[in-house]
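Let me begin by presenting the structure, written as structure tokens, before commenting on it.
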Amino acid sequence: MRRTHFPKAFTPDLGWADVTPKPLFMNRRALMAGGAAALAAGALPRAALAAWEDDWTGGEEIAASRFSTDEEPNSLDEITNYNNFFEFGTGKEDPARNADALTTEPWEITVDGLVENPGTYDLAELVGGLPLEERIYRLRCVEAWSMVIPWVGFELRTLLDRIGVRPEARFVGFETLVRPEEMPGQRRGILEWPYRDGLRLDEARNPLTIMATGLYREPLPNVNGAPIRLVVPWKYGFKSIKSIVRITLTEEQPVCTWNQQNPREYGFYSNVNPNVDHPRWSQATERRIGGGLFNSRQPTQMFNGYEEYVADLYAGMDLSEHF
Ligand code: MTE
């Protein structure tokens, strides 16, 4: 389902989120805040919605960002019904079917390794007050499909500063929750659980790298990695690990699930690169989900179009070797 396209000329100062009706997530908190009748009517009372937003953002403003693309975002329907989240199954519709069962409150994150402030923190305690921005980013999956997603989140570097990275640290690793009772994919040996991924510290500190806690200016849906996930827009989507419960600073390169599974097909870096094909398919083009009558393919851009911000990170590296 596509939204009406608003010609730019009529909306000179508005981002997409300003012209998009607020999507409603039929979750427990919304029910408590607005009542079943309001949901049935298709809208929450303004005050209840404001209270709910305050609860999620800590009353913070969500700022727009110069890093956002002006490409048209995919609809919420597309973003929440075509997912990779193997903890909930291998099919693109499995997360939509299964992920609502995930309990995301309370949520704790363990911070360990080479940090000044190690510990296990409640999510709000760990990230509360970090400046939230809307970042409308392209997402390019290694499987050669893509979307445009209006995330809300904060720059990872602001969290790294809060936890205090020790000077010896060179990498940051992340882990997803292991809870087979709620994650049917984890009852099967699809991957080696927990799902893990990581970045070089300078990649993690790049202003494009965010931790997302929202989407379309509402709390992150479970299918997209609630309550908090990584988003690294110049890398293939599998680097953007969902539902994070551990952040570890290390001197050594952290284990990354797909790289460990098949290092010949999935490199540690996994930067989007149309010139380096996957051993089993071309990466030169991509299929934009919901895009065009014939689902026609479009060229894939170097670093997914974020070259000007990130090319320096890889100066002097042979990108076909360090893929
Ligand atoms: N994180 C976890 N924990 N498990 C996963 O299976 N899939 C990855 C990534 N993060 C995955 C994950 C892949 S392959 C992609 S393309 C993106 O999430 C998809 O994000 P989206 O479903 O929010 O679009």
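Residues in the structure tokens are numbered from 1 in each chain, the chains being A, B, ... in the order shown, and ligands are numbered from 1 in the order shown.
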Taking only C-alpha atoms into account, produce a table as CSV in which each residue of segment 144-257 of chain A with an atom at most 10 Å from an atom of segment 313-319 of chain A appears once, together with its shortest atom pair and the distance in Å to one decimal, ordered by chain and rising number.
```
residue,atom,partner,partner_atom,distance
A:Arg200,CA,A:Leu313,CA,9.7
A:Asp202,CA,A:Leu313,CA,7.4
A:Glu203,CA,A:Leu313,CA,7.1
A:Asn206,CA,A:Leu313,CA,9.0
```
- Query: Among segment 63-285 of chain A, which ones does DSSP place in helix (DSSP H, G or I), written as an NGL selection string?
  - Reply: :A and (76-79 or 86-88 or 94-101 or 123-127 or 156-163 or 184-187 or 201-204 or 222-224 or 237-239 or 257-261)
- Which residues sit within 9 Å of ligand 1, counting only C-alpha atoms and all ligand atoms, listed as a PyMOL selection string? chain A and resi 79-90+92+95+139-143+145-147+149+175-177+191+194-197+221+223-225+229-231+236-244
Selection to disk with C-alpha atoms, as a compact mmCIF listing (two decimals), in the first residue's frame:
```
# COMPACT_ATOMS: atom_id res chain seq x y z
CA ILE A 79 8.54 -2.31 6.54
CA THR A 80 6.77 -4.59 9.02
CA ASN A 81 5.69 -7.42 6.72
CA TYR A 82 8.84 -8.23 4.75
CA ASN A 83 11.59 -8.90 7.27
CA ASN A 84 14.66 -10.93 8.04
CA PHE A 85 14.68 -11.91 11.70
CA PHE A 86 15.78 -15.53 11.81
CA GLU A 87 15.00 -15.88 15.50
CA PHE A 88 11.37 -15.88 14.33
CA GLY A 89 11.82 -18.09 11.26
CA THR A 90 13.44 -17.97 7.84
CA LYS A 92 9.98 -13.06 5.03
CA PRO A 95 8.61 -12.30 11.85
CA LEU A 139 18.47 -0.32 3.73
CA ARG A 140 20.18 -2.67 1.27
CA CYS A 141 19.93 -6.37 2.10
CA VAL A 142 22.73 -8.67 0.94
CA GLU A 143 19.95 -10.62 -0.86
CA TRP A 145 16.39 -6.10 -2.17
CA SER A 146 16.11 -2.68 -0.57
CA MET A 147 13.80 -0.31 1.28
CA ILE A 149 13.08 3.32 6.37
CA GLU A 175 24.48 -9.75 20.72
CA THR A 176 20.77 -10.38 20.28
CA LEU A 177 18.55 -11.91 22.94
CA LEU A 191 22.11 -20.19 12.93
CA PRO A 194 22.91 -15.68 19.81
CA TYR A 195 22.95 -13.65 16.60
CA ARG A 196 26.11 -11.55 16.81
CA ASP A 197 27.68 -8.75 14.84
CA PRO A 221 7.96 -2.66 16.16
CA VAL A 223 9.63 -7.33 13.76
CA ASN A 224 12.20 -4.59 13.25
CA GLY A 225 14.19 -5.41 16.39
CA ARG A 229 18.73 -2.34 17.25
CA LEU A 230 21.78 -1.18 15.34
CA VAL A 231 21.44 0.58 11.96
CA TYR A 236 24.44 -4.91 4.06
CA GLY A 237 21.39 -5.17 6.30
CA PHE A 238 22.57 -8.23 8.23
CA LYS A 239 25.14 -6.06 10.06
CA SER A 240 22.24 -4.08 11.58
CA ILE A 241 21.61 -6.46 14.45
CA LYS A 242 18.22 -6.45 16.17
CA SER A 243 16.95 -6.69 19.78
CA ILE A 244 20.35 -6.10 21.40
```
- Using only C-alpha atoms, determine which residues lie at most 9 Å from Ile163 of chain A, disregarding the query and same-chain residues fewer than 6 positions distant; provide the list as a ChimeraX atom specification. /A:111,115-118,126
- 12 Å contact set for Glu251 of chain A, only C-alpha atoms, chain neighbours under 6 positions out, as a list of chain:residue names: A:Gly113, A:Leu114, A:Val115, A:Val165, A:Arg166, A:Pro167, A:Glu168, A:Ala169, A:Arg170, A:Phe171, A:Val172, A:Gly173, A:Leu199, A:Arg200, A:Leu201
Take the residues just selected and output them with N, CA and C atoms as a PDB file, in the first residue's frame.
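So the final result, stored in result_30.pdb, reads:
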```pdb
ATOM      1  N   GLY A 113      33.531  -5.761  28.695  1.00  0.00           N
ATOM      2  CA  GLY A 113      34.780  -5.628  27.936  1.00  0.00           C
ATOM      3  C   GLY A 113      35.512  -4.365  28.347  1.00  0.00           C
ATOM      4  N   LEU A 114      36.131  -3.708  27.352  1.00  0.00           N
ATOM      5  CA  LEU A 114      37.029  -2.582  27.620  1.00  0.00           C
ATOM      6  C   LEU A 114      36.264  -1.270  27.778  1.00  0.00           C
ATOM      7  N   VAL A 115      35.490  -1.179  28.871  1.00  0.00           N
ATOM      8  CA  VAL A 115      34.711   0.036  29.153  1.00  0.00           C
ATOM      9  C   VAL A 115      34.925   0.492  30.593  1.00  0.00           C
ATOM     10  N   VAL A 165      34.639   4.289  26.661  1.00  0.00           N
ATOM     11  CA  VAL A 165      35.438   3.279  25.962  1.00  0.00           C
ATOM     12  C   VAL A 165      36.905   3.428  26.373  1.00  0.00           C
ATOM     13  N   ARG A 166      37.517   2.330  26.798  1.00  0.00           N
ATOM     14  CA  ARG A 166      38.927   2.388  27.198  1.00  0.00           C
ATOM     15  C   ARG A 166      39.823   2.473  25.950  1.00  0.00           C
ATOM     16  N   PRO A 167      40.989   3.106  26.079  1.00  0.00           N
ATOM     17  CA  PRO A 167      41.822   3.385  24.909  1.00  0.00           C
ATOM     18  C   PRO A 167      42.277   2.145  24.134  1.00  0.00           C
ATOM     19  N   GLU A 168      42.360   1.003  24.802  1.00  0.00           N
ATOM     20  CA  GLU A 168      42.824  -0.207  24.088  1.00  0.00           C
ATOM     21  C   GLU A 168      41.750  -0.760  23.152  1.00  0.00           C
ATOM     22  N   ALA A 169      40.495  -0.352  23.319  1.00  0.00           N
ATOM     23  CA  ALA A 169      39.403  -0.952  22.532  1.00  0.00           C
ATOM     24  C   ALA A 169      39.523  -0.562  21.063  1.00  0.00           C
ATOM     25  N   ARG A 170      39.312  -1.531  20.167  1.00  0.00           N
ATOM     26  CA  ARG A 170      39.356  -1.267  18.723  1.00  0.00           C
ATOM     27  C   ARG A 170      38.070  -1.684  18.007  1.00  0.00           C
ATOM     28  N   PHE A 171      37.263  -2.486  18.687  1.00  0.00           N
ATOM     29  CA  PHE A 171      36.030  -2.997  18.058  1.00  0.00           C
ATOM     30  C   PHE A 171      34.886  -2.944  19.075  1.00  0.00           C
ATOM     31  N   VAL A 172      33.661  -2.965  18.537  1.00  0.00           N
ATOM     32  CA  VAL A 172      32.496  -3.137  19.400  1.00  0.00           C
ATOM     33  C   VAL A 172      31.648  -4.281  18.839  1.00  0.00           C
ATOM     34  N   GLY A 173      31.264  -5.186  19.737  1.00  0.00           N
ATOM     35  CA  GLY A 173      30.442  -6.335  19.351  1.00  0.00           C
ATOM     36  C   GLY A 173      29.063  -6.244  19.994  1.00  0.00           C
ATOM     37  N   LEU A 199      31.462  -4.043  14.762  1.00  0.00           N
ATOM     38  CA  LEU A 199      32.046  -2.992  13.922  1.00  0.00           C
ATOM     39  C   LEU A 199      33.435  -2.638  14.444  1.00  0.00           C
ATOM     40  N   ARG A 200      34.247  -2.089  13.540  1.00  0.00           N
ATOM     41  CA  ARG A 200      35.466  -1.437  13.989  1.00  0.00           C
ATOM     42  C   ARG A 200      35.029  -0.174  14.734  1.00  0.00           C
ATOM     43  N   LEU A 201      35.820   0.253  15.714  1.00  0.00           N
ATOM     44  CA  LEU A 201      35.385   1.373  16.552  1.00  0.00           C
ATOM     45  C   LEU A 201      35.180   2.661  15.749  1.00  0.00           C
TER      46      LEU A 201
END
```
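Computed from the coordinates, the atom CA of Val127 of chain A to atom CA of Ala64 of chain A distance equals 19.0 Å.
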- Neighbour list for Gly214 of chain A as JSON, numbers by chain, cut-off 7 Å, only C-alpha atoms, skip fewer than 2 positions in-chain: {"A": [151, 152, 153, 212, 216, 217, 218, 219, 220]}
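Candidate residues A:Glu192, A:Leu249, A:Thr209, A:Ile136 were compared for distance to Asn262 of chain A, and the nearest is A:Glu192, using only C-alpha atoms.
Pairwise distance (atom CA of Val178 of chain A, atom CA of Glu155 of chain A) equals 25.2 Å.
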